[in-house]
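K.L.:
There's a structure below that I have some questions on.
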Amino acid sequence: MTVNLSTDTRPSAGPAPAAVRRRRRRFDALPYALVTPLALFIVALALIPAGVTIVQSFYRVQELNPPTVFAGLENFRRLFGDSTIRASMENTGLYVVIGVILSTVLGIVMAVTLQRRFRGRSLLIAVLILPWALPGVVEGIVWTGIWDSNTGLLNSVLNSLHLISDYHVFLGQNRLLTIFAIELVQIWQMTPLSTLLILASLQNIPDELYEAAYLDGSSTWAAFRRITLPLARPGIAIAMVQALIATLNVFDQPYVLNGAAQAGASLTEQTYYVSFQNLDFGEGYALSLLITVATLVIALGVVKLVYRPVEY
């Protein structure tokens, strides 16, 4: 009698490969369904006003002189023919130059200072963020107590030190002094963000690069020029772009500190005056479009000139 003791020890066949692939390819629509309404709302919130601005900038939209008719480039010709608008363009250019340069330089200095850990560093960063967190209107009100010609802190200090005999008017009379004083307030607001953006780039630089440079006899200044600045260029570019956008669209600080005085009026202020005081919305749309295009073009130029990809 022959007894067959052999057993089939092969593993049981699992699910068919096609079934596994079908399970892997199963599309889960729930995350997209949850995100889509918010995404559509954000896109509509950005695109609809932009589309209205572009279209209406070519129409004569005057509430006191209806109806709305197509005007072509007439709104833009009137803008460039207005001496007040041209003066505001020059003022805004000065805001941009002063603000971008000073906020970037101060941001680099502060970021390099905060690059290495030290006692109280976290507290210093927290205090540094406060000016950036304040609204522009609040900053304007705070700095009014410094620039005020009657009871301002600056006049009081200078008078106490016998550096001046009479209180001076810092805002509204001298154009360059007015622009510089107002832009200092905005720099006080922008510099913390510039510092954090540049600091984020500095944190990614390996310490080995500095150690190798010092072993080769490089000085601190040489390491800063040849390691820190080149490798921090992505953060510097982003910091410059955010400063550029803020200064090209400056409104709160000039309006609070300087009111309707033309000595330091910005283009964004003129958009408000043209649209809501003169009720010429077509020209206001055209000016808004010019500011947007200028912001986009100059920002792309800054990124092209400054930004460089970094590989470690």
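For the structure tokens, the naming scheme is as follows: chains receive sequential letters (A, B, ...) according to their order of presentation, residues are indexed from 1 within each chain, and ligands are indexed from 1 in presentation order.
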Neighbouring residues of stretch 148-162 of chain A were defined as those with any atom within 12 Å, considering only C-alpha atoms; residues of the same chain fewer than 3 positions away were excluded. Please report them as a list of chain:residue names.
P.N.:
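Surrounding residues, per the criterion: A:Gly140, A:Ile141, A:Val142, A:Trp143, A:Thr144, A:Gly145, A:Ser165, A:Asp166, A:Tyr167, A:His168, A:Val169, A:Phe170, A:Leu171, A:Gly172, A:Gln173, A:Ala181, A:Val256, A:Leu257, A:Asn258.
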K.L.:
Selected residues, N, CA, C and O atoms, written as a short mmCIF file (atom, residue, chain, number, x, y, z; two decimals), in the first residue's frame, please.
P.N.:
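The new file again.cif reads:
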data_model
loop_
_atom_site.label_atom_id
_atom_site.label_comp_id
_atom_site.auth_asym_id
_atom_site.auth_seq_id
_atom_site.Cartn_x
_atom_site.Cartn_y
_atom_site.Cartn_z
N GLY A 140 1.14 104.82 11.77
CA GLY A 140 1.10 106.24 11.46
C GLY A 140 0.72 107.08 12.67
O GLY A 140 1.29 108.14 12.92
N ILE A 141 -0.26 106.60 13.45
CA ILE A 141 -0.68 107.33 14.64
C ILE A 141 0.44 107.35 15.67
O ILE A 141 0.69 108.38 16.32
N VAL A 142 1.13 106.22 15.84
CA VAL A 142 2.24 106.16 16.81
C VAL A 142 3.34 107.14 16.42
O VAL A 142 3.85 107.90 17.26
N TRP A 143 3.70 107.16 15.15
CA TRP A 143 4.79 108.02 14.70
C TRP A 143 4.37 109.48 14.60
O TRP A 143 5.24 110.36 14.51
N THR A 144 3.08 109.76 14.62
CA THR A 144 2.65 111.15 14.68
C THR A 144 3.16 111.82 15.95
O THR A 144 3.52 113.01 15.95
N GLY A 145 3.23 111.03 17.03
CA GLY A 145 3.76 111.57 18.28
C GLY A 145 5.25 111.87 18.22
O GLY A 145 5.78 112.56 19.10
N SER A 165 16.47 125.78 18.23
CA SER A 165 15.88 126.79 19.11
C SER A 165 14.37 126.86 18.97
O SER A 165 13.66 127.20 19.92
N ASP A 166 13.86 126.53 17.79
CA ASP A 166 12.42 126.53 17.53
C ASP A 166 12.00 125.17 17.02
O ASP A 166 12.77 124.47 16.35
N TYR A 167 10.77 124.81 17.31
CA TYR A 167 10.25 123.54 16.83
C TYR A 167 10.11 123.58 15.31
O TYR A 167 9.67 124.57 14.73
N HIS A 168 10.49 122.48 14.68
CA HIS A 168 10.48 122.39 13.22
C HIS A 168 9.28 121.60 12.74
O HIS A 168 8.77 120.71 13.44
N VAL A 169 8.87 121.88 11.51
CA VAL A 169 7.81 121.12 10.83
C VAL A 169 8.50 120.12 9.92
O VAL A 169 9.13 120.50 8.93
N PHE A 170 8.38 118.85 10.24
CA PHE A 170 9.07 117.81 9.47
C PHE A 170 8.24 117.30 8.30
O PHE A 170 8.80 116.76 7.33
N LEU A 171 6.94 117.45 8.37
CA LEU A 171 6.06 116.87 7.35
C LEU A 171 5.24 117.97 6.67
O LEU A 171 4.73 118.87 7.33
N GLY A 172 5.15 117.84 5.34
CA GLY A 172 4.23 118.70 4.60
C GLY A 172 4.85 119.90 3.94
O GLY A 172 4.20 120.52 3.08
N GLN A 173 6.08 120.28 4.30
CA GLN A 173 6.69 121.46 3.70
C GLN A 173 7.79 121.08 2.73
O GLN A 173 7.69 121.32 1.53
N ALA A 181 10.82 111.05 5.97
CA ALA A 181 10.22 110.82 7.29
C ALA A 181 9.09 109.80 7.23
O ALA A 181 8.97 108.94 8.10
N VAL A 256 -2.10 109.07 6.90
CA VAL A 256 -2.24 109.38 8.31
C VAL A 256 -1.29 110.50 8.72
O VAL A 256 -1.67 111.43 9.45
N LEU A 257 -0.05 110.44 8.26
CA LEU A 257 0.96 111.40 8.70
C LEU A 257 0.88 112.72 7.96
O LEU A 257 1.17 113.78 8.53
N ASN A 258 0.51 112.68 6.69
CA ASN A 258 0.60 113.87 5.84
C ASN A 258 -0.73 114.37 5.33
O ASN A 258 -0.80 115.45 4.75
#
K.L.:
To test your reading of the structure, identify every residue in stretch 10-184 of chain A that backbone DSSP assigns to strand (DSSP E), and report it as a VMD selection string.
P.N.:
chain A and resid 59 to 60 69 to 70
K.L.:
Mind running stretch 103-144 of chain A against stretch 190-202 of chain A at 8 Å and telling me each contacting residue's nearest atom pair with the distance in Å (one decimal), counting only C-alpha atoms, chain and number ascending, as JSON lines?
P.N.:
{"residue": "A:Ser103", "atom": "CA", "partner": "A:Thr191", "partner_atom": "CA", "distance": 4.9}
{"residue": "A:Thr104", "atom": "CA", "partner": "A:Ser194", "partner_atom": "CA", "distance": 6.4}
{"residue": "A:Leu106", "atom": "CA", "partner": "A:Thr191", "partner_atom": "CA", "distance": 6.6}
{"residue": "A:Gly107", "atom": "CA", "partner": "A:Thr195", "partner_atom": "CA", "distance": 4.1}
{"residue": "A:Ile108", "atom": "CA", "partner": "A:Thr195", "partner_atom": "CA", "distance": 6.4}
{"residue": "A:Met110", "atom": "CA", "partner": "A:Thr195", "partner_atom": "CA", "distance": 6.1}
{"residue": "A:Ala111", "atom": "CA", "partner": "A:Leu199", "partner_atom": "CA", "distance": 4.8}
{"residue": "A:Val112", "atom": "CA", "partner": "A:Leu199", "partner_atom": "CA", "distance": 7.2}
{"residue": "A:Leu114", "atom": "CA", "partner": "A:Leu199", "partner_atom": "CA", "distance": 7.4}
{"residue": "A:Gln115", "atom": "CA", "partner": "A:Leu199", "partner_atom": "CA", "distance": 6.6}
{"residue": "A:Leu128", "atom": "CA", "partner": "A:Pro192", "partner_atom": "CA", "distance": 5.8}
{"residue": "A:Ile129", "atom": "CA", "partner": "A:Pro192", "partner_atom": "CA", "distance": 5.5}
{"residue": "A:Pro131", "atom": "CA", "partner": "A:Pro192", "partner_atom": "CA", "distance": 7.2}
{"residue": "A:Trp132", "atom": "CA", "partner": "A:Pro192", "partner_atom": "CA", "distance": 6.0}
K.L.:
Those residues with all heavy atoms, as a CSV table (one decimal), in the first residue's frame please?
P.N.:
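So part24.csv came out as:
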chain,number,residue,atom,x,y,z
A,103,SER,N,15.4,98.9,3.8
A,103,SER,CA,14.8,97.7,4.5
A,103,SER,C,15.6,96.4,4.1
A,103,SER,O,15.8,95.5,5.0
A,103,SER,CB,13.3,97.5,4.0
A,103,SER,OG,13.3,97.2,2.6
A,104,THR,N,16.2,96.3,2.9
A,104,THR,CA,17.0,95.2,2.6
A,104,THR,C,18.3,95.2,3.3
A,104,THR,O,18.8,94.2,3.8
A,104,THR,CB,17.2,95.1,1.0
A,104,THR,OG1,16.0,95.1,0.4
A,104,THR,CG2,18.0,93.9,0.6
A,106,LEU,N,19.1,96.8,6.1
A,106,LEU,CA,18.8,96.5,7.6
A,106,LEU,C,18.4,95.1,7.8
A,106,LEU,O,18.8,94.5,8.8
A,106,LEU,CB,17.7,97.5,8.1
A,106,LEU,CG,18.1,98.9,8.2
A,106,LEU,CD1,16.9,99.8,8.5
A,106,LEU,CD2,19.2,99.2,9.2
A,107,GLY,N,17.6,94.5,6.8
A,107,GLY,CA,17.3,93.1,7.0
A,107,GLY,C,18.5,92.2,6.9
A,107,GLY,O,18.5,91.2,7.7
A,108,ILE,N,19.4,92.5,6.1
A,108,ILE,CA,20.6,91.6,6.0
A,108,ILE,C,21.4,91.8,7.3
A,108,ILE,O,21.9,90.8,7.9
A,108,ILE,CB,21.5,92.1,4.8
A,108,ILE,CG1,20.8,91.7,3.5
A,108,ILE,CG2,22.9,91.4,4.8
A,108,ILE,CD1,21.5,92.2,2.2
A,110,MET,N,20.4,92.6,10.3
A,110,MET,CA,19.7,91.9,11.4
A,110,MET,C,19.7,90.4,11.3
A,110,MET,O,19.9,89.7,12.3
A,110,MET,CB,18.3,92.5,11.5
A,110,MET,CG,18.2,93.9,11.9
A,110,MET,SD,16.5,94.5,12.1
A,110,MET,CE,16.7,96.2,12.5
A,111,ALA,N,19.6,89.9,10.1
A,111,ALA,CA,19.6,88.5,9.9
A,111,ALA,C,20.9,87.9,10.2
A,111,ALA,O,21.0,86.8,10.8
A,111,ALA,CB,19.2,88.2,8.4
A,112,VAL,N,22.0,88.6,9.8
A,112,VAL,CA,23.3,88.1,10.1
A,112,VAL,C,23.6,88.1,11.6
A,112,VAL,O,24.2,87.2,12.2
A,112,VAL,CB,24.4,88.9,9.4
A,112,VAL,CG1,25.8,88.5,9.8
A,112,VAL,CG2,24.3,88.7,7.9
A,114,LEU,N,21.3,87.6,13.9
A,114,LEU,CA,20.5,86.6,14.5
A,114,LEU,C,20.8,85.2,13.9
A,114,LEU,O,20.2,84.2,14.3
A,114,LEU,CB,19.0,86.9,14.2
A,114,LEU,CG,18.4,88.1,14.8
A,114,LEU,CD1,17.0,88.4,14.3
A,114,LEU,CD2,18.4,88.0,16.3
A,115,GLN,N,21.8,85.1,13.0
A,115,GLN,CA,22.1,83.8,12.4
A,115,GLN,C,22.6,82.8,13.4
A,115,GLN,O,22.2,81.6,13.3
A,115,GLN,CB,23.2,84.0,11.3
A,115,GLN,CG,23.5,82.8,10.5
A,115,GLN,CD,24.4,83.0,9.4
A,115,GLN,OE1,25.0,84.2,9.3
A,115,GLN,NE2,24.7,82.1,8.5
A,128,LEU,N,11.1,91.8,17.5
A,128,LEU,CA,11.3,92.3,16.1
A,128,LEU,C,10.1,92.2,15.3
A,128,LEU,O,9.9,93.1,14.4
A,128,LEU,CB,12.5,91.5,15.5
A,128,LEU,CG,12.9,91.9,14.1
A,128,LEU,CD1,13.5,93.2,14.1
A,128,LEU,CD2,13.8,90.8,13.5
A,129,ILE,N,9.2,91.2,15.5
A,129,ILE,CA,8.1,91.0,14.7
A,129,ILE,C,7.0,92.0,14.9
A,129,ILE,O,6.1,92.3,14.1
A,129,ILE,CB,7.5,89.6,14.9
A,129,ILE,CG1,8.6,88.5,14.3
A,129,ILE,CG2,6.2,89.3,14.1
A,129,ILE,CD1,8.2,87.1,14.6
A,131,PRO,N,6.6,95.4,15.0
A,131,PRO,CA,6.2,96.4,14.0
A,131,PRO,C,5.6,95.9,12.8
A,131,PRO,O,4.7,96.6,12.2
A,131,PRO,CB,7.6,97.1,13.7
A,131,PRO,CG,8.5,96.8,14.9
A,131,PRO,CD,8.0,95.4,15.4
A,132,TRP,N,6.0,94.7,12.3
A,132,TRP,CA,5.4,94.1,11.2
A,132,TRP,C,3.9,93.7,11.4
A,132,TRP,O,3.1,93.8,10.5
A,132,TRP,CB,6.2,92.9,10.7
A,132,TRP,CG,5.6,92.1,9.6
A,132,TRP,CD1,5.2,92.6,8.4
A,132,TRP,CD2,5.4,90.7,9.6
A,132,TRP,NE1,4.7,91.6,7.7
A,132,TRP,CE2,4.9,90.4,8.3
A,132,TRP,CE3,5.7,89.7,10.5
A,132,TRP,CZ2,4.6,89.1,8.0
A,132,TRP,CZ3,5.4,88.4,10.1
A,132,TRP,CH2,4.9,88.1,8.9
K.L.:
Neighbours of A:Gly99 within 10 Å (only C-alpha atoms; same-chain residues fewer than 2 positions away dropped), as a PDB file with N, CA, C and O atoms, in the first residue's frame?
P.N.:
ATOM      1  N   GLY A  93       8.294 106.809  -6.623  1.00  0.00           N
ATOM      2  CA  GLY A  93       9.616 106.315  -6.993  1.00  0.00           C
ATOM      3  C   GLY A  93      10.632 106.509  -5.871  1.00  0.00           C
ATOM      4  O   GLY A  93      11.447 105.615  -5.594  1.00  0.00           O
ATOM      5  N   LEU A  94      10.563 107.652  -5.197  1.00  0.00           N
ATOM      6  CA  LEU A  94      11.452 107.890  -4.058  1.00  0.00           C
ATOM      7  C   LEU A  94      11.122 106.946  -2.907  1.00  0.00           C
ATOM      8  O   LEU A  94      12.027 106.437  -2.239  1.00  0.00           O
ATOM      9  N   TYR A  95       9.833 106.715  -2.658  1.00  0.00           N
ATOM     10  CA  TYR A  95       9.442 105.752  -1.625  1.00  0.00           C
ATOM     11  C   TYR A  95      10.041 104.375  -1.914  1.00  0.00           C
ATOM     12  O   TYR A  95      10.553 103.701  -1.021  1.00  0.00           O
ATOM     13  N   VAL A  96       9.977 103.973  -3.181  1.00  0.00           N
ATOM     14  CA  VAL A  96      10.464 102.650  -3.561  1.00  0.00           C
ATOM     15  C   VAL A  96      11.972 102.558  -3.364  1.00  0.00           C
ATOM     16  O   VAL A  96      12.485 101.603  -2.758  1.00  0.00           O
ATOM     17  N   VAL A  97      12.705 103.551  -3.855  1.00  0.00           N
ATOM     18  CA  VAL A  97      14.173 103.507  -3.766  1.00  0.00           C
ATOM     19  C   VAL A  97      14.620 103.506  -2.310  1.00  0.00           C
ATOM     20  O   VAL A  97      15.431 102.664  -1.885  1.00  0.00           O
ATOM     21  N   ILE A 101      15.915  99.803  -0.546  1.00  0.00           N
ATOM     22  CA  ILE A 101      17.338  99.769  -0.195  1.00  0.00           C
ATOM     23  C   ILE A 101      17.529  99.653   1.318  1.00  0.00           C
ATOM     24  O   ILE A 101      18.250  98.761   1.807  1.00  0.00           O
ATOM     25  N   LEU A 102      16.896 100.537   2.080  1.00  0.00           N
ATOM     26  CA  LEU A 102      17.126 100.541   3.522  1.00  0.00           C
ATOM     27  C   LEU A 102      16.568  99.291   4.203  1.00  0.00           C
ATOM     28  O   LEU A 102      17.216  98.713   5.078  1.00  0.00           O
ATOM     29  N   SER A 103      15.371  98.859   3.806  1.00  0.00           N
ATOM     30  CA  SER A 103      14.804  97.670   4.450  1.00  0.00           C
ATOM     31  C   SER A 103      15.619  96.423   4.128  1.00  0.00           C
ATOM     32  O   SER A 103      15.779  95.543   4.979  1.00  0.00           O
ATOM     33  N   THR A 104      16.165  96.340   2.917  1.00  0.00           N
ATOM     34  CA  THR A 104      16.983  95.178   2.554  1.00  0.00           C
ATOM     35  C   THR A 104      18.319  95.196   3.289  1.00  0.00           C
ATOM     36  O   THR A 104      18.754  94.158   3.823  1.00  0.00           O
ATOM     37  N   VAL A 105      18.972  96.355   3.338  1.00  0.00           N
ATOM     38  CA  VAL A 105      20.259  96.445   4.033  1.00  0.00           C
ATOM     39  C   VAL A 105      20.070  96.164   5.531  1.00  0.00           C
ATOM     40  O   VAL A 105      20.834  95.376   6.124  1.00  0.00           O
ATOM     41  N   PHE A 180      11.139 111.170   3.163  1.00  0.00           N
ATOM     42  CA  PHE A 180      12.061 110.375   3.971  1.00  0.00           C
ATOM     43  C   PHE A 180      11.459 110.061   5.342  1.00  0.00           C
ATOM     44  O   PHE A 180      11.578 108.924   5.831  1.00  0.00           O
ATOM     45  N   GLU A 183       8.697 107.473   4.888  1.00  0.00           N
ATOM     46  CA  GLU A 183       9.220 106.162   4.504  1.00  0.00           C
ATOM     47  C   GLU A 183       9.939 105.486   5.653  1.00  0.00           C
ATOM     48  O   GLU A 183       9.984 104.253   5.720  1.00  0.00           O
ATOM     49  N   LEU A 184      10.506 106.250   6.575  1.00  0.00           N
ATOM     50  CA  LEU A 184      11.108 105.640   7.760  1.00  0.00           C
ATOM     51  C   LEU A 184      10.081 104.828   8.543  1.00  0.00           C
ATOM     52  O   LEU A 184      10.394 103.767   9.093  1.00  0.00           O
ATOM     53  N   VAL A 185       8.856 105.330   8.585  1.00  0.00           N
ATOM     54  CA  VAL A 185       7.786 104.607   9.285  1.00  0.00           C
ATOM     55  C   VAL A 185       7.502 103.288   8.586  1.00  0.00           C
ATOM     56  O   VAL A 185       7.338 102.244   9.227  1.00  0.00           O
ATOM     57  N   GLN A 186       7.452 103.317   7.242  1.00  0.00           N
ATOM     58  CA  GLN A 186       7.191 102.075   6.512  1.00  0.00           C
ATOM     59  C   GLN A 186       8.372 101.119   6.606  1.00  0.00           C
ATOM     60  O   GLN A 186       8.178  99.897   6.675  1.00  0.00           O
ATOM     61  N   ILE A 187       9.592 101.655   6.616  1.00  0.00           N
ATOM     62  CA  ILE A 187      10.768 100.798   6.785  1.00  0.00           C
ATOM     63  C   ILE A 187      10.719 100.103   8.131  1.00  0.00           C
ATOM     64  O   ILE A 187      11.073  98.921   8.267  1.00  0.00           O
ATOM     65  N   TRP A 188      10.286 100.825   9.149  1.00  0.00           N
ATOM     66  CA  TRP A 188      10.133 100.239  10.486  1.00  0.00           C
ATOM     67  C   TRP A 188       9.167  99.057  10.442  1.00  0.00           C
ATOM     68  O   TRP A 188       9.329  98.075  11.172  1.00  0.00           O
ATOM     69  N   MET A 190       8.452  97.219   7.467  1.00  0.00           N
ATOM     70  CA  MET A 190       8.858  96.197   6.502  1.00  0.00           C
ATOM     71  C   MET A 190      10.089  95.414   6.925  1.00  0.00           C
ATOM     72  O   MET A 190      10.239  94.241   6.572  1.00  0.00           O
ATOM     73  N   THR A 191      10.997  96.052   7.652  1.00  0.00           N
ATOM     74  CA  THR A 191      12.277  95.428   7.962  1.00  0.00           C
ATOM     75  C   THR A 191      12.147  94.102   8.701  1.00  0.00           C
ATOM     76  O   THR A 191      12.908  93.170   8.411  1.00  0.00           O
ATOM     77  N   MET A 240      13.271  91.825  -1.168  1.00  0.00           N
ATOM     78  CA  MET A 240      13.207  93.018  -2.002  1.00  0.00           C
ATOM     79  C   MET A 240      11.865  93.120  -2.721  1.00  0.00           C
ATOM     80  O   MET A 240      11.311  94.221  -2.867  1.00  0.00           O
ATOM     81  N   ALA A 243       9.222  94.275  -0.241  1.00  0.00           N
ATOM     82  CA  ALA A 243       9.412  95.693   0.035  1.00  0.00           C
ATOM     83  C   ALA A 243       8.966  96.540  -1.151  1.00  0.00           C
ATOM     84  O   ALA A 243       8.373  97.613  -0.976  1.00  0.00           O
ATOM     85  N   LEU A 244       9.240  96.061  -2.355  1.00  0.00           N
ATOM     86  CA  LEU A 244       8.825  96.762  -3.560  1.00  0.00           C
ATOM     87  C   LEU A 244       7.304  96.868  -3.636  1.00  0.00           C
ATOM     88  O   LEU A 244       6.748  97.941  -3.907  1.00  0.00           O
ATOM     89  N   ALA A 246       5.157  96.685  -1.179  1.00  0.00           N
ATOM     90  CA  ALA A 246       4.657  97.543  -0.101  1.00  0.00           C
ATOM     91  C   ALA A 246       4.869  99.014  -0.410  1.00  0.00           C
ATOM     92  O   ALA A 246       3.981  99.847  -0.165  1.00  0.00           O
ATOM     93  N   THR A 247       6.040  99.372  -0.935  1.00  0.00           N
ATOM     94  CA  THR A 247       6.322 100.782  -1.191  1.00  0.00           C
ATOM     95  C   THR A 247       5.583 101.321  -2.412  1.00  0.00           C
ATOM     96  O   THR A 247       5.175 102.485  -2.437  1.00  0.00           O
ATOM     97  N   LEU A 248       5.402 100.504  -3.436  1.00  0.00           N
ATOM     98  CA  LEU A 248       4.640 100.954  -4.598  1.00  0.00           C
ATOM     99  C   LEU A 248       3.171 101.168  -4.259  1.00  0.00           C
ATOM    100  O   LEU A 248       2.487 101.960  -4.924  1.00  0.00           O
TER     101      LEU A 248
END
K.L.:
Just asking: which residues within stretch 52-196 of chain A are helix (DSSP H, G or I) according to DSSP, as an MDAnalysis selection string?
P.N.:
chainID A and resid 52:56 74:81 83:114 121:133 136:147 153:160 175:196
K.L.:
Give me the residues of stretch 20-97 of chain A that have any atom at most 10 Å from an atom of stretch 269-292 of chain A; for each, the nearest atom pair and the distance in Å, rounded to one decimal. Use only C-alpha atoms, sort by chain and number, and format it as JSON lines.
P.N.:
{"residue": "A:Ala50", "atom": "CA", "partner": "A:Leu289", "partner_atom": "CA", "distance": 8.5}
{"residue": "A:Val52", "atom": "CA", "partner": "A:Tyr285", "partner_atom": "CA", "distance": 8.6}
{"residue": "A:Thr53", "atom": "CA", "partner": "A:Tyr285", "partner_atom": "CA", "distance": 5.3}
{"residue": "A:Ile54", "atom": "CA", "partner": "A:Leu289", "partner_atom": "CA", "distance": 6.6}
{"residue": "A:Val55", "atom": "CA", "partner": "A:Tyr285", "partner_atom": "CA", "distance": 8.7}
{"residue": "A:Gln56", "atom": "CA", "partner": "A:Gly282", "partner_atom": "CA", "distance": 6.0}
{"residue": "A:Ser57", "atom": "CA", "partner": "A:Ala286", "partner_atom": "CA", "distance": 4.3}
{"residue": "A:Phe58", "atom": "CA", "partner": "A:Gly282", "partner_atom": "CA", "distance": 7.0}
{"residue": "A:Tyr59", "atom": "CA", "partner": "A:Gly282", "partner_atom": "CA", "distance": 5.8}
{"residue": "A:Arg60", "atom": "CA", "partner": "A:Gly282", "partner_atom": "CA", "distance": 5.1}
{"residue": "A:Val61", "atom": "CA", "partner": "A:Gly282", "partner_atom": "CA", "distance": 4.5}
{"residue": "A:Gln62", "atom": "CA", "partner": "A:Asp280", "partner_atom": "CA", "distance": 4.7}
{"residue": "A:Glu63", "atom": "CA", "partner": "A:Leu279", "partner_atom": "CA", "distance": 5.9}
{"residue": "A:Leu64", "atom": "CA", "partner": "A:Leu279", "partner_atom": "CA", "distance": 7.1}
{"residue": "A:Asn65", "atom": "CA", "partner": "A:Asp280", "partner_atom": "CA", "distance": 9.0}
{"residue": "A:Thr68", "atom": "CA", "partner": "A:Gly282", "partner_atom": "CA", "distance": 9.0}
{"residue": "A:Val69", "atom": "CA", "partner": "A:Gly282", "partner_atom": "CA", "distance": 9.9}
{"residue": "A:Phe70", "atom": "CA", "partner": "A:Gly282", "partner_atom": "CA", "distance": 9.9}
{"residue": "A:Ala71", "atom": "CA", "partner": "A:Gly282", "partner_atom": "CA", "distance": 9.0}
{"residue": "A:Leu73", "atom": "CA", "partner": "A:Ala286", "partner_atom": "CA", "distance": 9.1}
{"residue": "A:Glu74", "atom": "CA", "partner": "A:Glu283", "partner_atom": "CA", "distance": 8.7}
{"residue": "A:Asn75", "atom": "CA", "partner": "A:Glu283", "partner_atom": "CA", "distance": 5.0}
{"residue": "A:Phe76", "atom": "CA", "partner": "A:Ala286", "partner_atom": "CA", "distance": 6.2}
{"residue": "A:Arg77", "atom": "CA", "partner": "A:Glu283", "partner_atom": "CA", "distance": 9.6}
{"residue": "A:Arg78", "atom": "CA", "partner": "A:Glu283", "partner_atom": "CA", "distance": 7.8}
{"residue": "A:Leu79", "atom": "CA", "partner": "A:Glu283", "partner_atom": "CA", "distance": 7.2}
{"residue": "A:Phe80", "atom": "CA", "partner": "A:Leu287", "partner_atom": "CA", "distance": 9.8}
{"residue": "A:Thr84", "atom": "CA", "partner": "A:Gln270", "partner_atom": "CA", "distance": 8.4}
{"residue": "A:Ile85", "atom": "CA", "partner": "A:Gln270", "partner_atom": "CA", "distance": 6.9}
{"residue": "A:Ser88", "atom": "CA", "partner": "A:Gln270", "partner_atom": "CA", "distance": 7.4}
{"residue": "A:Met89", "atom": "CA", "partner": "A:Gln270", "partner_atom": "CA", "distance": 9.6}
K.L.:
State, in Å with one decimal place, the distance from atom CA of A:Ser218 to atom CA of A:Ala232.
P.N.:
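Taking atom CA of A:Ser218 as the start and atom CA of A:Ala232 as the end point, the length is 18.6 Å.
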K.L.:
I'd like the neighbourhood of A:Ala213 as JSON, numbers by chain, where a residue qualifies if any of its atoms comes within 12 Å (using only C-alpha atoms), though same-chain residues fewer than 4 positions away should be ignored.
P.N.:
{"A": [206, 207, 208, 209, 217, 218, 219, 220, 221, 222, 223, 224, 225, 226, 227, 228]}
K.L.:
Excluding A:Arg308 and residues on its chain fewer than 4 positions from it, collect all residues at most 9 Å away from it, counting only C-alpha atoms, and give them as a list of chain:residue names.
P.N.:
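The contact residues come out as A:Pro230, A:Leu231, A:Arg233, A:Pro234, A:Ala237, A:Val303, A:Lys304.
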K.L.:
Quote the spacing between atom CA of A:Ile179 and atom CA of A:Thr92 in Å to one decimal place.
P.N.:
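Atom CA of A:Ile179 sits 8.9 Å away from atom CA of A:Thr92.
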